$ cat query_7.txt   # compact mmCIF, C-alpha atoms
# COMPACT_ATOMS: atom_id res chain seq x y z
CA MET A 596 104.46 167.74 93.03
CA PHE A 597 106.81 166.35 90.45
CA THR A 598 109.42 163.89 91.54
CA ARG A 599 112.30 166.01 90.26
CA LEU A 600 112.03 167.62 93.71
CA LEU A 601 113.30 164.36 95.16
CA LEU A 602 116.50 164.92 93.23
CA PHE A 603 117.04 168.31 94.81
CA ALA A 604 116.65 166.92 98.32
CA ALA A 605 119.19 164.23 97.48
CA VAL A 606 121.62 166.77 96.03
CA ILE A 607 121.48 168.97 99.13
CA PHE A 608 121.81 165.95 101.42
CA GLY A 609 124.81 164.84 99.39
CA PHE A 610 126.46 168.21 99.93
CA ILE A 611 126.06 167.92 103.69
CA SER A 612 127.36 164.38 103.94
CA CYS A 613 129.89 163.92 101.14
CA LYS A 614 133.64 164.30 101.08
CA ASN A 615 135.66 165.56 98.18
CA GLN A 616 136.58 162.30 96.49
CA ASP A 617 137.34 161.96 92.79
CA THR A 618 137.62 158.70 90.88
CA LYS A 619 139.30 158.47 87.52
CA THR A 620 137.68 156.65 84.64
CA LYS A 621 138.54 156.05 81.01
CA GLU A 622 139.80 159.27 79.41
CA ASP A 623 138.11 160.65 76.33
CA ALA A 624 140.23 161.51 73.31
CA THR A 625 139.31 165.18 73.62
CA ALA A 626 141.17 165.53 76.94
CA THR A 627 144.45 167.24 75.98
CA ASN A 628 145.84 168.45 79.31
CA PRO A 629 147.70 165.65 81.16
CA THR A 630 147.30 167.48 84.49
CA ASP A 631 143.54 167.94 84.11
CA THR A 632 141.57 166.11 86.82
CA THR A 633 138.21 166.16 85.07
CA THR A 634 136.46 162.82 85.21
CA VAL A 635 135.55 161.81 81.65
CA ILE A 636 133.20 158.90 81.24
CA THR A 637 132.81 157.38 77.82
CA GLU A 638 129.89 155.23 76.87
CA GLU A 639 130.17 151.49 77.38
CA ASP A 640 128.87 148.77 75.10
CA ASN A 641 126.48 146.86 77.34
CA LEU A 642 123.45 147.58 79.49
CA SER A 643 125.16 146.67 82.76
CA ALA A 644 127.72 149.48 82.39
CA LYS A 645 127.84 152.47 84.73
CA PHE A 646 127.17 154.87 81.90
CA PHE A 647 125.21 154.57 78.66
CA TYR A 648 122.45 155.96 76.46
CA ARG A 649 120.14 153.56 74.69
CA THR A 650 116.88 153.50 72.80
CA LEU A 651 115.06 150.41 74.04
CA GLU A 652 112.06 148.53 72.71
CA GLY A 653 110.01 145.89 74.45
CA THR A 654 106.91 145.48 76.53
CA ILE A 655 105.32 146.61 79.78
CA ALA A 656 102.30 144.52 80.74
CA GLY A 657 102.67 142.82 77.35
CA LYS A 658 102.08 146.10 75.51
CA PRO A 659 104.81 147.46 73.19
CA VAL A 660 106.81 150.45 74.42
CA VAL A 661 109.78 152.55 73.36
CA MET A 662 112.13 153.88 76.05
CA HIS A 663 114.99 156.39 75.93
CA LEU A 664 117.34 155.67 78.83
CA LEU A 665 120.35 157.71 79.91
CA LYS A 666 122.39 156.43 82.86
CA HIS A 667 125.38 158.15 84.43
CA ASN A 668 126.57 156.33 87.53
CA ASP A 669 123.74 156.87 90.03
CA MET A 670 121.98 159.52 87.92
CA VAL A 671 119.21 158.47 85.53
CA ASP A 672 117.09 160.31 82.98
CA ALA A 673 114.50 158.26 81.13
CA ASN A 674 111.20 158.45 79.29
CA TYR A 675 109.00 155.96 77.50
CA TYR A 676 105.71 155.70 75.65
CA TYR A 677 103.28 152.97 74.73
CA THR A 678 103.29 152.74 70.95
CA ASP A 679 99.49 152.46 70.89
CA TYR A 680 99.09 155.77 72.73
CA GLY A 681 102.28 157.75 72.12
CA THR A 682 102.16 159.92 75.25
CA PRO A 683 105.69 160.34 76.70
CA ILE A 684 106.01 159.32 80.34
CA PHE A 685 109.00 160.87 82.06
CA LEU A 686 110.90 158.92 84.71
CA TYR A 687 113.18 160.04 87.51
CA LYS A 688 115.32 158.18 89.98
CA ASP A 689 113.77 156.84 93.16
CA TRP A 690 116.40 157.90 95.70
CA ASP A 691 114.85 155.71 98.39
CA GLU A 692 115.96 152.56 96.54
CA GLU A 693 119.43 151.33 95.66
CA GLY A 694 120.80 148.38 93.71
CA ALA A 695 124.14 147.68 92.06
CA ASP A 696 122.55 146.05 89.00
CA SER A 697 119.18 147.76 89.11
CA LEU A 698 117.52 151.08 88.40
CA TYR A 699 114.60 152.30 90.50
CA LEU A 700 112.48 154.99 88.85
CA ILE A 701 109.34 156.99 89.52
CA GLU A 702 106.88 158.01 86.83
CA ASN A 703 105.96 161.65 86.50
CA THR A 704 102.27 160.73 86.63
CA ASP A 705 99.64 159.96 89.24
CA ASN A 706 95.98 158.96 89.33
CA GLY A 707 94.82 161.85 91.49
CA ASN A 708 95.85 160.46 94.86
CA GLY A 709 99.40 161.83 94.72
CA LEU A 710 100.89 158.36 94.29
CA SER A 711 103.04 157.85 91.21
CA PRO A 712 103.77 154.44 89.65
CA LYS A 713 107.25 153.03 90.13
CA ILE A 714 109.53 151.00 87.88
CA ALA A 715 112.32 148.65 88.89
CA LEU A 716 114.70 147.70 86.06
CA TYR A 717 117.21 144.87 86.39
CA LEU A 718 120.19 145.36 84.10
CA ALA A 719 121.86 142.51 82.28
CA GLU A 720 124.46 142.72 79.55
CA ASN A 721 122.03 142.67 76.62
CA GLU A 722 118.58 142.83 78.18
CA ILE A 723 116.60 144.71 80.80
CA THR A 724 113.80 143.07 82.75
CA GLY A 725 111.78 144.53 85.57
CA ILE A 726 108.51 145.32 87.28
CA TRP A 727 106.03 148.16 86.86
CA LYS A 728 104.11 148.85 90.07
CA SER A 729 101.09 151.12 90.50
CA GLY A 730 101.29 153.99 92.96
CA ASP A 731 99.06 152.20 95.45
CA ASN A 732 101.19 149.01 95.12
CA LYS A 733 98.11 146.98 94.17
CA THR A 734 99.03 146.21 90.54
CA THR A 735 102.27 144.96 89.01
CA TYR A 736 103.26 144.21 85.42
CA PRO A 737 106.40 142.61 83.95
CA ILE A 738 108.87 144.65 81.89
CA LYS A 739 111.14 143.31 79.17
CA LEU A 740 113.38 145.59 77.09
CA ARG A 741 116.18 145.22 74.56
CA GLU A 742 118.21 147.71 72.58
CA SER A 743 116.18 148.92 69.62
CA GLN A 744 117.19 147.67 66.19
CA THR A 745 115.11 150.34 64.47
CA ASP A 746 117.04 153.04 62.64
CA GLY A 747 116.31 156.50 64.03
CA THR A 748 116.83 159.86 62.40
CA LEU A 749 120.41 159.86 63.71
CA ARG A 750 122.53 157.41 65.64
CA ILE A 751 123.06 158.75 69.14
CA ARG A 752 125.49 158.05 71.95
CA ALA A 753 126.39 159.99 75.06
CA LEU A 754 129.40 161.09 77.05
CA SER A 755 129.75 162.77 80.40
CA TYR A 756 132.13 165.17 82.11
CA SER A 757 132.21 165.76 85.85
CA ASP A 758 134.50 167.37 88.37
CA SER A 759 134.57 168.72 91.90
CA ALA A 760 136.51 171.27 93.88
CA ALA A 761 136.96 172.05 97.58
CA TYR A 762 137.19 175.35 99.41
CA LEU A 763 139.88 174.80 102.03
CA LYS A 764 139.97 178.08 103.96
CA PHE A 765 137.73 177.03 106.87
CA PRO A 766 139.19 175.00 109.77
CA LYS A 767 136.26 172.67 110.44
CA ASP A 768 134.30 172.14 107.26
CA THR A 769 134.96 172.11 103.53
CA PRO A 770 132.39 173.53 101.11
CA ILE A 771 132.53 171.80 97.75
CA LEU A 772 131.53 172.29 94.15
CA LYS A 773 130.22 169.52 91.92
CA SER A 774 129.63 169.91 88.23
CA THR A 775 128.36 167.41 85.67
CA ILE A 776 127.43 167.72 82.01
CA THR A 777 125.98 164.65 80.34
CA VAL A 778 125.13 165.16 76.69
CA VAL A 779 123.87 163.03 73.86
CA MET A 780 125.51 163.51 70.50
CA ALA A 781 125.20 162.21 66.97
CA THR A 782 127.80 159.70 65.78
CA ASP A 783 127.00 159.66 62.08
CA ASN A 784 129.73 161.03 59.83
CA ASP A 785 127.60 163.33 57.71
CA PRO A 786 126.52 166.99 57.55
CA SER A 787 123.27 166.37 59.43
CA ALA A 788 125.10 164.91 62.42
CA THR A 789 127.61 167.75 62.37
CA TRP A 790 124.83 170.32 62.28
CA PHE A 791 122.99 168.61 65.15
CA ASN A 792 126.11 168.51 67.34
CA ASN A 793 126.81 172.16 66.61
CA GLU A 794 123.28 173.03 67.73
CA LEU A 795 123.87 171.21 71.00
CA LYS A 796 127.14 173.06 71.45
CA LYS A 797 125.26 176.36 71.10
CA ILE A 798 122.87 175.24 73.82
CA LEU A 799 125.76 174.49 76.18
CA ASP A 800 127.95 177.53 75.54
CA ASN A 801 125.04 179.99 75.35
CA GLY A 802 126.94 182.12 72.85
CA ASP A 803 130.11 182.49 74.93
CA LYS A 804 132.83 183.27 72.38
CA LYS A 805 135.64 181.74 74.46
CA TYR A 806 134.33 178.31 73.45
CA ALA A 807 133.99 179.21 69.76
CA SER A 808 136.90 177.05 68.57
CA LEU A 809 135.81 173.93 70.49
CA ASN A 810 133.60 171.08 69.38
CA LEU A 811 130.68 169.74 71.43
CA PRO A 812 132.53 167.39 73.81
CA GLN A 813 135.40 169.86 74.22
CA THR A 814 132.92 172.60 75.09
CA ALA A 815 131.23 170.44 77.72
CA GLN A 816 134.58 169.61 79.28
CA ALA A 817 135.76 173.22 79.21
CA ILE A 818 132.61 174.45 80.95
CA VAL A 819 133.07 171.88 83.73
CA ASN A 820 136.71 172.89 84.09
CA ASP A 821 135.88 176.59 84.22
CA LEU A 822 133.33 176.07 87.00
CA LYS A 823 135.90 174.14 89.00
CA ASN A 824 138.69 176.65 88.44
CA ASN A 825 136.49 179.63 89.36
CA TYR A 826 134.99 178.07 92.50
CA SER A 827 137.39 179.58 95.04
CA LYS A 828 136.96 183.04 93.50
CA ASP A 829 133.18 182.57 93.55
CA VAL A 830 133.20 181.73 97.27
CA ASP A 831 135.52 184.63 98.08
CA SER A 832 133.17 187.05 96.34
CA SER A 833 130.17 185.54 98.17
CA LEU A 834 131.84 186.29 101.51
CA VAL A 835 132.52 189.97 100.83
CA GLY A 836 130.67 191.94 103.49
CA VAL A 837 129.29 188.78 105.12
CA THR A 838 130.07 187.84 108.72
CA VAL A 839 130.52 184.08 109.08
CA ASP A 840 131.62 181.76 111.85
CA ASP A 841 134.61 179.81 110.54
CA ASN A 842 133.82 176.96 112.91
CA MET A 843 130.25 176.43 111.66
CA PRO A 844 129.15 174.52 108.54
CA HIS A 845 128.92 176.69 105.44
CA TYR A 846 126.26 174.88 103.40
CA PHE A 847 125.33 178.06 101.54
CA LEU A 848 128.76 178.04 99.90
CA ASN A 849 128.33 174.63 98.31
CA ARG A 850 127.69 174.65 94.59
CA GLU A 851 126.08 172.08 92.31
CA TYR A 852 125.62 172.32 88.54
CA ILE A 853 123.96 169.57 86.50
CA THR A 854 123.14 169.59 82.80
CA THR A 855 121.58 166.49 81.27
CA SER A 856 120.13 165.94 77.82
CA ASN A 857 118.05 162.97 76.73
CA VAL A 858 116.15 162.01 73.60
CA VAL A 859 112.35 162.13 73.56
CA HIS A 860 111.80 161.34 69.87
CA ASN A 861 114.24 160.24 67.17
CA ASN A 862 112.30 159.43 64.03
CA ASN A 863 110.61 160.88 60.95
CA GLY A 864 113.61 163.12 60.26
CA TYR A 865 113.16 164.82 63.65
CA ILE A 866 115.02 164.63 66.95
CA ILE A 867 113.46 165.99 70.13
CA LEU A 868 115.63 166.58 73.20
CA ASN A 869 114.83 167.52 76.75
CA VAL A 870 117.69 169.48 78.32
CA TYR A 871 117.57 169.65 82.10
CA ASN A 872 119.57 172.24 84.03
CA TYR A 873 119.92 172.35 87.79
CA SER A 874 122.00 174.71 89.89
CA TYR A 875 122.43 175.16 93.61
CA THR A 876 124.23 178.40 94.46
CA GLY A 877 123.21 178.79 98.10
CA GLY A 878 119.83 179.34 99.66
CA ALA A 879 116.94 177.10 100.62
CA HIS A 880 116.82 175.16 97.37
CA GLY A 881 118.29 174.94 93.90
CA ASP A 882 116.83 176.21 90.66
CA TYR A 883 115.97 173.97 87.75
CA ALA A 884 114.34 174.01 84.36
CA THR A 885 113.67 171.63 81.50
CA THR A 886 113.88 173.02 77.98
CA MET A 887 112.64 171.13 74.96
CA TYR A 888 114.43 171.38 71.62
CA CYS A 889 112.79 170.17 68.44
CA PHE A 890 115.20 169.67 65.55
CA ASP A 891 114.30 169.10 61.93
CA ILE A 892 117.36 167.15 60.80
CA LYS A 893 116.15 166.84 57.23
CA ASN A 894 116.05 170.62 56.78
CA GLN A 895 118.65 171.44 59.46
CA LYS A 896 116.54 173.85 61.46
CA LYS A 897 115.27 174.28 64.99
CA LEU A 898 111.50 174.08 64.84
CA GLN A 899 109.11 176.79 65.90
CA LEU A 900 105.53 175.96 66.80
CA SER A 901 104.45 177.54 63.51
CA ASP A 902 106.48 174.88 61.66
CA ILE A 903 104.16 172.26 63.11
CA MET A 904 100.77 173.92 63.12
CA LYS A 905 98.77 177.02 62.41
CA VAL A 906 98.40 178.49 65.86
CA ASP A 907 94.84 179.43 66.75
CA SER A 908 95.50 180.96 70.17
CA VAL A 909 91.95 180.59 71.46
CA ALA A 910 91.56 177.00 70.29
CA ILE A 911 94.96 175.92 71.67
CA GLN A 912 94.25 177.71 74.95
CA ASN A 913 90.99 175.81 75.31
CA LEU A 914 92.75 172.50 74.62
CA LEU A 915 95.53 173.30 77.08
CA ASP A 916 92.94 174.12 79.73
CA LYS A 917 91.10 170.87 79.00
CA TYR A 918 94.14 168.61 79.18
CA TYR A 919 95.64 170.42 82.15
CA ARG A 920 92.45 169.67 84.08
CA LYS A 921 92.54 166.07 82.94
CA ARG A 922 96.14 165.47 83.91
CA TYR A 923 96.11 167.37 87.19
CA HIS A 924 92.61 166.28 88.22
CA LEU A 925 91.06 169.74 88.36
CA ARG A 926 87.27 169.85 88.20
CA PRO A 927 85.70 171.56 85.16
CA ARG A 928 84.20 174.48 87.07
CA THR A 929 87.26 175.16 89.23
CA SER A 930 89.22 178.17 88.02
CA LEU A 931 92.80 177.43 86.99
CA ASP A 932 94.09 180.21 89.21
CA GLN A 933 93.14 178.08 92.21
CA SER A 934 96.34 176.14 91.52
CA LEU A 935 98.18 178.33 88.98
CA PHE A 936 99.16 181.97 88.62
CA VAL A 937 96.93 182.25 85.53
CA LYS A 938 93.28 181.74 84.67
CA HIS A 939 94.04 180.28 81.25
CA LEU A 940 96.99 178.43 79.75
CA ALA A 941 98.66 179.87 76.67
CA PRO A 942 101.04 177.91 74.42
CA ASN A 943 104.70 178.71 74.97
CA ASP A 944 107.93 178.01 73.07
CA ASN A 945 108.83 175.09 75.34
CA PHE A 946 107.03 172.45 73.30
CA TYR A 947 107.81 168.93 72.13
CA PHE A 948 106.08 166.16 70.23
CA GLY A 949 105.98 162.43 69.79
CA PRO A 950 104.30 160.01 67.40
CA LYS A 951 100.78 160.93 68.52
CA GLY A 952 100.72 164.29 70.21
CA LEU A 953 102.15 167.65 71.19
CA GLY A 954 103.28 168.68 74.67
CA PHE A 955 104.06 171.93 76.48
CA ILE A 956 106.26 172.29 79.56
CA TYR A 957 105.98 175.20 81.99
CA ASN A 958 108.92 175.50 84.38
CA PRO A 959 108.78 176.49 88.06
CA TYR A 960 107.54 180.06 88.67
CA GLU A 961 106.40 180.36 85.03
CA ILE A 962 102.73 179.70 85.77
CA ALA A 963 102.81 178.10 89.22
CA PRO A 964 104.75 178.11 92.51
CA TYR A 965 108.07 176.30 92.84
CA ALA A 966 106.43 173.56 94.91
CA ALA A 967 104.18 172.65 91.97
CA GLY A 968 107.20 171.53 89.96
CA GLU A 969 107.15 171.44 86.18
CA ILE A 970 103.72 171.60 84.55
CA ASN A 971 103.50 169.24 81.58
CA VAL A 972 100.42 169.31 79.34
CA TRP A 973 100.00 166.85 76.47
CA ILE A 974 97.47 167.25 73.63
CA PRO A 975 96.77 164.33 71.25
CA PHE A 976 97.21 165.06 67.55
CA SER A 977 93.62 163.87 67.07
CA GLU A 978 92.55 167.14 68.74
CA LEU A 979 94.88 169.19 66.54
CA ALA A 980 94.23 167.63 63.13
CA THR A 981 92.72 170.76 61.58
CA TYR A 982 95.67 172.89 62.66
CA LEU A 983 98.64 170.70 61.71
CA ASN A 984 100.73 171.69 58.71
CA PRO A 985 100.42 169.24 55.78
CA GLU A 986 104.18 168.57 55.49
CA PHE A 987 104.43 167.81 59.20
CA LYS A 988 101.43 165.46 59.05
CA GLU A 989 102.94 163.62 56.09
CA ARG A 990 106.34 163.16 57.71
CA MET A 991 104.78 161.99 60.98
CA GLY A 992 102.48 159.58 59.14
CA LEU A 993 99.33 161.19 60.57
$ encode --input "query_7.txt" --output "structure tokens"
Amino acid sequence: MFTRLLLFAAVIFGFISCKNQDTKTKEDATATNPTDTTTVITEEDNLSAKFFYRTLEGTIAGKPVVMHLLKHNDMVDANYYYTDYGTPIFLYKDWDEEGADSLYLIENTDNGNGLSPKIALYLAENEITGIWKSGDNKTTYPIKLRESQTDGTLRIRALSYSDSAAYLKFPKDTPILKSTITVVMATDNDPSATWFNNELKKILDNGDKKYASLNLPQTAQAIVNDLKNNYSKDVDSSLVGVTVDDNMPHYFLNREYITTSNVVHNNNGYIILNVYNYSYTGGAHGDYATTMYCFDIKNQKKLQLSDIMKVDSVAIQNLLDKYYRKRYHLRPRTSLDQSLFVKHLAPNDNFYFGPKGLGFIYNPYEIAPYAAGEINVWIPFSELATYLNPEFKERMGL
């Protein structure tokens, strides 16, 4: 089970135990309403700040790695790859560990025993050091990272908007709403950066025309504000026809909305983003999904799989089956529908790539039960060489 599920348990626990407390931070220039209570966090300049996005380079176990790290207070989204292998390893916060100047993360991998490696990162102003520890705690390696000096396709920073609201109509408990949008955005002053930011805006507003006149950060802030302002109406509508005890906790009326975007690849004229959306709107658990977006900055287009390769459905299906079994430790003769809803994996539109391979993500309920988490299958480019488009191979240096 993927460790994103740990996040959901923490979110629900936070609803039960937290109080409605807001803290103000540095206001972003896009905030125009002096009475607005939205918390706007702007990126700081050093690695010990409460909020930042950075591309980091360094070593784990003496081997070179590249890491994309997004930190927003106690929330973390990160991924890294060994440059010799190129397979992205996604990291999520270890909620069992806390440290004022440290990050504790869990890898979205395991060796078949259900135990995922863990990473502890110690943040200094200009450097990150730490320890990588195997899932069985038997092996440790040192980590040393610094901000990358390599020019990517675009220069990227991040900003975050969050807010909360309380429903005050019950005498003994107070349901709350929390909403956070943390987005990366291009800072270059050129048409490519403008196009990229507009594409991200489209992802956030999902075609809602009321945000048409706003730029990317303004759209993020407006969405957070709208969720807050509509919360009381949302709860009222949820209670229509429902008999509730005003003196009992009303956990099902809590709401949580999280949108986070992080970089997976930023080179070769491409930028790949993973956009994670989580929502809790009552019930036993929240819903979540990760969507990958592959952008060709050079040609200003969102990539389709056909832009990367000639899709031979049978061949790709066989490779997906092969690498699913390898990653999830399924024996060759065991049918996939022993653990999935399907007997064979087909490529979908939720793909991404890195320097040395192509990945596909299947979200909960797509091909497996919720408890299975996200299914992530990675195929090395060496297996796809005959299918890759020549222009893509040239740009990726394959």
$ residues_around --input "query_7.txt" --residues "Lys728 (chain A)" --least-positions-apart "4" --cutoff "8 Å" --atoms "all atoms listed in the file" --output "list in words"
Pro712, Lys713, Ile714, Asn732, Lys733, Thr734, Thr735 and Tyr736 of chain A
$ write_last_selection --input "query_7.txt" --atoms "C-alpha atoms" --output "CSV table (one decimal), in the frame of the given file"
chain,number,residue,atom,x,y,z
A,712,PRO,CA,103.8,154.4,89.6
A,713,LYS,CA,107.2,153.0,90.1
A,714,ILE,CA,109.5,151.0,87.9
A,732,ASN,CA,101.2,149.0,95.1
A,733,LYS,CA,98.1,147.0,94.2
A,734,THR,CA,99.0,146.2,90.5
A,735,THR,CA,102.3,145.0,89.0
A,736,TYR,CA,103.3,144.2,85.4
$ closest_residue --input "query_7.txt" --among "A:Ser757, A:Asn971, A:Ser930, A:Ser856" --to "Leu915 (chain A)" --atoms "only C-alpha atoms"
A:Asn971
$ atom_distance --input "query_7.txt" --atom1 "CA of Ala788 (chain A)" --atom2 "CA of Ala807 (chain A)"
18.4 Å
$ atom_distance --input "query_7.txt" --atom1 "CA of Gln895 (chain A)" --atom2 "CA of Gly949 (chain A)"
18.7 Å
$ residues_around --input "query_7.txt" --residues "Asn792 (chain A)" --least-positions-apart "2" --cutoff "8 Å" --atoms "all atoms listed in the file" --output "PyMOL selection string"
chain A and resi 780-781+788-790+794-796+811
$ closest_residue --input "query_7.txt" --among "A:Tyr680, A:Phe791, A:Tyr687, A:Trp727" --to "Ile974 (chain A)" --atoms "only C-alpha atoms"
A:Tyr680
$ residues_near_point --input "query_7.txt" --point "(121.2, 182.7, 100.7)" --cutoff "9 Å" --atoms "all atoms listed in the file" --output "mmCIF file with C-alpha atoms, keeping the file's coordinate frame"
data_model
loop_
_atom_site.group_PDB
_atom_site.id
_atom_site.type_symbol
_atom_site.label_atom_id
_atom_site.label_comp_id
_atom_site.auth_asym_id
_atom_site.auth_seq_id
_atom_site.Cartn_x
_atom_site.Cartn_y
_atom_site.Cartn_z
ATOM 1 C CA PHE A 847 125.330 178.060 101.540
ATOM 2 C CA LEU A 848 128.760 178.040 99.900
ATOM 3 C CA THR A 876 124.230 178.400 94.460
ATOM 4 C CA GLY A 877 123.210 178.790 98.100
ATOM 5 C CA GLY A 878 119.830 179.340 99.660
ATOM 6 C CA ALA A 879 116.940 177.100 100.620
#
$ residues_near_point --input "query_7.txt" --point "(92.2, 162.5, 85.1)" --cutoff "7 Å" --atoms "all atoms listed in the file" --output "ChimeraX atom specification"
/A:706-707,921-924
$ axis_aligned_box --input "query_7.txt" --around "region 939-946 of chain A" --padding-each-side "5 Å" --output "AutoDock Vina command-line options"
--center_x 101.4 --center_y 176.4 --center_z 77.2 --size_x 24.8 --size_y 17.8 --size_z 18.2
$ closest_residue --input "query_7.txt" --among "A:Ser697, A:Asn869, A:Gln816, A:Thr678" --to "Tyr717 (chain A)" --atoms "only C-alpha atoms"
A:Ser697
$ residues_around --input "query_7.txt" --residues "Asn943 (chain A)" --least-positions-apart "4" --cutoff "10 Å" --atoms "all atoms listed in the file" --output "ChimeraX atom specification"
/A:900,955-957
$ closest_residue --input "query_7.txt" --among "A:Thr981, A:Thr748, A:Thr724, A:Asn784" --to "Lys905 (chain A)" --atoms "only C-alpha atoms"
A:Thr981
$ atom_distance --input "query_7.txt" --atom1 "CA of Leu993 (chain A)" --atom2 "CA of Asp679 (chain A)"
13.5 Å
